[in-house]
Amino acid sequence: MKYDHKQIEKKWQDKWEETGVFHASNSSDKPKYYTLIEFPYPSGQGLHVGHPRSYTALDIVARKRRLQGYNVLYPIGWDAFGLPTENFAIKNHVHPAEVTKKNIARFKSQLRSLGISFDWSREINTTDPEYYKWTQWIFLQLFKHGLAYKKEMSVNWCTSCKCVLANEEVVNGVCERCGSEVIHRVKSQWMLKITEYAQRLIDDLELVDYPERVKAQQINWIGRSTGAEVDFSTTAGDKLTIYTTRPDTLYGATYMVVSPEHPVIEKWADKLKNMDEIRAYQVEAAKKSDFERTEVAKEKTGVRLDGVSAINPVTGKEIPIFISDYVLVSYGTGAIMAVPAHDTRDWEFAKKFDLPIIEVVKGGDVQNEPFTDCATGVMVNSGILDGLTVEQAKKKIIEYLTEKGIGHAKVNFKLRDWVFSRQRYWGEPIPIVHCEKCGYVPVPESELPLRLPDVKSYEPTDNGESPLAHMTDWVETTCPHCGGKARRETDTMPQWAGSSWYFLRYMDPHNSNAFASKEALKYWGEVDWYNGGMEHTTLHLLYSRFWHKFLYDIGEVPTPEPYAKRTSHGMILGENGEKMSKSRGNVVNPDEIVDEYGADTMRLYEMFIGDFEKSAPWSAAGIKGCRRFVERYWNLQNNISEETGIRKSLETSFHKTIKKVGEDIENLKYNTAIAALMALMNDLADAGSITRDELKIYTILLNPFAPHVTEEVWEAQKLGEGMVCQQQWPSYEKSKCMEDTIEIAVQVNGKVRARLSVAADVTKDDALAAAKAEDKVSAEISGKKILKEIYVPGKLVNIVAK
RNA sequence: GCGGGUGUGGUGGAAUUGGCAGACACGCCAGAUUUAGGUUCUGGUGCCGCAAGCAUGCAGGUUCAAGUCCUGUCACCCGCACCA
C-alpha cells in the first residue's frame, strides 16, 4: 500500500464538505468555542506560505476542541475591499468586483487543499452589499452618537495612492501599503472619535489574555501621559495655553514655542512685525513630508514671533515666543513652554537662538548639557518650590495654578482620531448626504445598503476627489430630511472598516434583520482564541476593539471586549533568512509544496519549523523530515500486532505523549508536540509493531496536525465508528506518566560522575547508598569529608565532599 | 530616547519550580538493501583529547548545583518617536 497524498487528501476534503462535519451549530448543548484567524485579503498573488502558519495552528486548536466535545466555530471570509484590487482593475480595465471574485475563487481552492476545518457555510465577504449594509449601519450609529464627524484638517496624503491615510497607516513617514512619500494636505475628512475610548482601550487590556508585547505596543501607541495645562498671558492680550508633563519646571521656562500651524499666528497677524518671515517658515514646514519633518538629529529651526511675547506666570518675566516645527500641532495644545535646562530639544533650540538656560533642578551642568534625568532631584531657583523634590513640586505647582485659575492637571494621549474617509472607489460608500440646509444627514437605515454605483473609471484623481464624485446621477440626490437638493458623500470607508466587526457576522452570517441576532451574539459571546499578525496590533486590533466597545455601549453586543485571548505567529522567512518577497526571489509557493508533499506534510512542517511566536526561515530540506514522519505513520499499518490494549512496555510512552501533546497545543508549542509524537513513533519502531488500540490513540493524537492521512488510516484499519474528527480526545493517567525505574545522575561536587538506575520512588538514603557504591563515586569521595548530601527525587543526587 | 524581544552544535530548534545542556528534526559519516542513483533500514555524530577537561554572546556574582537568578557589558531584531 503506497501512500498517495493526492488521492487521500482530495477524498477527505470532499467528504468533510459533503457531511458538513465542521459546521458550527447555533443551538447546541455542547459548550461553545470560537477560534478565529484574521480573514485574508484575497490578493492577486494567491496564498502565501505565511497564511497557513496561523490557519493551521488554530485549526489544530479547533480540531482538538471538537474532539474534546465542544461546539466549535472556526469561520473564514474575505476582507476584500482595498487598493491592490482597485489598482489591478484600473490597469487591466476590469471591474474590481470581477477581480475580487476571481481572487477569492483561487484563495478558496488553495485553502481547501490544506484541509483546514473552516465552517464554509458561514463564509463572508466584506464587499458583498448584504455584508457592507451592516458596516454602513454601524457607521450610522457612530454618527448618531456623535462619534463620527467631518472636519477640515491637515491629513496624511499618500502621493502614490492619491488618498488620505490614518496615522496608523503611516510608517516612518511613508505609506504603510505602498511605501510612497506621505505629505500633509488640508482636507475635509470623516473622522471617528477613537480618542474618546483611549483610556478604556488601555484599562480593559486587563480583561483580556494578550501577549505582553501586544499590550505594551497598544499602550505605547495610545500614549497616555499626565501633566498640566498652563495659561501664559501674552502682550497681545489673550492667553496661550500649553501642555507640559513637567509643571514643576515652570520657573525654568525661558521661552515658548508654538507649532507652525497654530491658530494664534493668524490671530496676531497685525501685531507681528516679521509676518513675511513667519509665513515663509509655515510654507516650508507644510511642504515637508512626515519623513523629513520627523527626521532625528535634524538641526532645530524656528522663527521668533516679533511683536508679541508671553509672561511666565510664576516669575512674571517677559519671555519670547517662537514658531518651530519641532512642536506638533496635533499633540497637547500645539504650544509648549520651553525649559532648556531640562529638555534636550529645548536645550538645542536655546543654544541655537542664544536663549537663557536656567537650572531649576539641582545636579546637572545645564549650561553645557541638558539635565533631563532629574526625576529624583531637588528644586532650585524656583520660588515657592525651592527645596522640594520633583514629585512634591509637581503636586504643589498644580495646586497653586489651580487655585490661581491659570492651570490644572491634565491627561493627554498620543492617539488621534481615526481619519475614516478614502478618496477611492473600492470601499464601502459612506451613507451620508450633504444638504445645504440641514448639513450632514444620514441615509435612512431602511435604504441600506447604499450600493457602490458602477463607474466608467476608477482612476484616483489628483485633486483629491473620489472617483465617485464624477457620478453626477448618483451624487445628486435629495435630502432625506427636508427633501431639498443634496449631494452624497463621495469618499469611501478605509479598508479597516469591514474587518472592525467581521467576527460578529460569523455568528449569524445570513441574518437580514440585524448584523447578528441577539441570541447568536449571546451564545457565542467573545472570540475565545484569536490569532493574527503583530502588524495589526495598532491597526485592525485596536480599531476593532474600539468598534466593539462602542457597540457594547449602545447595547448591541454583550461583552466589552471582542477577543478573550490573542496570540501572534512569527513570520516565515525565505531560505536565506530574509523576508519573503518577489524582488528577493525567495518566495515559496504553497501550491507546489502541497502538490509535491501533500497538505499533511506541509501542515506538520509549518508547525514543526520552530517556536510559533518567532519568525523562522523556510527549509526545503526540513520539510522532507516531516514527509518521512507521515510515511512512517502510514507504514505502521504494515505491522499491526495481534495483542490488544496498550502494551505494558509502551504504557509510559503513551501516557506521557498524550499529556504532552495536549498541553503543548494549549501553549502554542506545536513544534514540541510534534517532536513528542515523533519520539513516540521511535518507541513504536523499537517495539517493532503496534496494536490496534495503540494505533487508535496515536491516530487521534496526530489527527489535528495531519487530518487527511489519519482519517484514511482510521478508515482502512476500521479503527472505530465514524471519522477520526468525531472521536474523543484521549485522556492520560498521571501515575502512568512516570517509569517504574528511572535513571538518575550522581554528582560529586556538582559534577556528574555516574548514572544510576533506581526505582522511581527510591528513598534518599537508598539512593545515596547506591550512589556511594559506584566505583567512580567512592574514588572521588574517599578520604574526604562529606559536607552535604542532596537528593532531588527523580533527577539526581549530589554529594558535596572536601 | 522610550517600550518589547533575541543571543545555545554544521543547521532549524529543545530544556515546568535553578537539578544529567543539545529532546525532535535536518545535515553529515559508516554499514545494509539496490544493476546504479534516489528511497528505505541500522549505527554514529557538541568541541578538544591518551586522559583530564571545555562548552548556552562577553565579564563578574549568588548557590551543593546556573542556559535558567542577580550585577555589569556587547551584538542583533521588532514597535514607537522633536508626543513637550
# chains A, B, ... in the order shown; residues from 1 in each chain; ligands from 1
call {"tool": "interface_residues", "arguments": {"of": "chain B", "to": "chain A", "cutoff": "8 Å", "atoms": "only C-alpha atoms (C1' of nucleotides)", "output": "VMD selection string"}}
result
chain B and resid 3 to 4 12 to 14 19 to 20 23 to 26 64 to 65 79 to 80 82 to 84
call {"tool": "residues_around", "arguments": {"residues": "Ser499 of chain A", "least_positions_apart": "4", "cutoff": "9 Å", "atoms": "only C-alpha atoms (C1' of nucleotides)", "output": "list in words"}}
result
Glu38, Phe39, Asp79, Thr126, Gln495, Phe503, His540, Tyr543 and Ser544 of chain A
call {"tool": "residues_around", "arguments": {"residues": "segment 596-605 of chain A", "least_positions_apart": "4", "cutoff": "8 Å", "atoms": "only C-alpha atoms (C1' of nucleotides)", "output": "list in words"}}
result
His5, Lys6, Glu9, Pro52, Arg53, Thr56, Ser113, Leu114, Gly115, Glu592, Ile609, Gly622, Ile623, Cys626, Arg627, Val630, Ile674, Phe705, Ala706, Pro707, His708 and Val709 of chain A
call {"tool": "atom_distance", "arguments": {"atom1": "atom CA of His655 of chain A", "atom2": "atom CA of Met738 of chain A"}}
result
8.7 Å
call {"tool": "select_by_dssp", "arguments": {"residues": "segment 79-158 of chain A", "states": "strand (DSSP E or B)", "output": "list in words"}}
result
Ile124, Asn125, Ala148, Tyr149, Lys150, Lys151, Glu152, Met153, Ser154, Val155, Asn156, Trp157 and Cys158 of chain A
call {"tool": "write_last_selection", "arguments": {"atoms": "N, CA, C and O atoms", "output": "compact mmCIF listing (two decimals), in the first residue's frame"}}
result
# COMPACT_ATOMS: atom_id res chain seq x y z
N ILE A 124 -18.01 34.79 4.67
CA ILE A 124 -18.47 36.16 4.46
C ILE A 124 -17.52 36.91 3.52
O ILE A 124 -16.40 36.46 3.29
N ASN A 125 -17.99 38.04 3.04
CA ASN A 125 -17.22 38.81 2.08
C ASN A 125 -17.57 40.29 2.33
O ASN A 125 -18.71 40.69 2.18
N ALA A 148 -18.80 60.05 14.86
CA ALA A 148 -18.31 60.24 13.50
C ALA A 148 -18.59 61.71 13.16
O ALA A 148 -19.71 62.18 13.33
N TYR A 149 -17.57 62.40 12.72
CA TYR A 149 -17.77 63.81 12.41
C TYR A 149 -16.88 64.19 11.24
O TYR A 149 -15.89 63.52 10.96
N LYS A 150 -17.26 65.26 10.56
CA LYS A 150 -16.45 65.69 9.42
C LYS A 150 -15.69 66.95 9.80
O LYS A 150 -16.25 67.84 10.43
N LYS A 151 -14.43 66.97 9.43
CA LYS A 151 -13.61 68.08 9.87
C LYS A 151 -12.57 68.44 8.82
O LYS A 151 -11.96 67.57 8.20
N GLU A 152 -12.39 69.74 8.66
CA GLU A 152 -11.34 70.27 7.79
C GLU A 152 -10.03 70.18 8.55
O GLU A 152 -9.93 70.74 9.64
N MET A 153 -9.10 69.45 8.02
CA MET A 153 -7.85 69.34 8.78
C MET A 153 -6.70 68.92 7.91
O MET A 153 -6.86 68.49 6.77
N SER A 154 -5.53 69.05 8.49
CA SER A 154 -4.34 68.59 7.79
C SER A 154 -4.24 67.08 7.93
O SER A 154 -4.25 66.55 9.02
N VAL A 155 -4.20 66.39 6.79
CA VAL A 155 -4.19 64.93 6.84
C VAL A 155 -2.97 64.37 6.12
O VAL A 155 -2.31 65.05 5.34
N ASN A 156 -2.69 63.12 6.40
CA ASN A 156 -1.63 62.41 5.68
C ASN A 156 -2.15 62.07 4.29
O ASN A 156 -3.21 61.49 4.16
N TRP A 157 -1.35 62.39 3.30
CA TRP A 157 -1.77 62.14 1.92
C TRP A 157 -0.71 61.31 1.23
O TRP A 157 0.45 61.73 1.15
N CYS A 158 -1.12 60.13 0.77
CA CYS A 158 -0.15 59.31 0.05
C CYS A 158 -0.11 59.76 -1.40
O CYS A 158 -1.12 59.77 -2.08
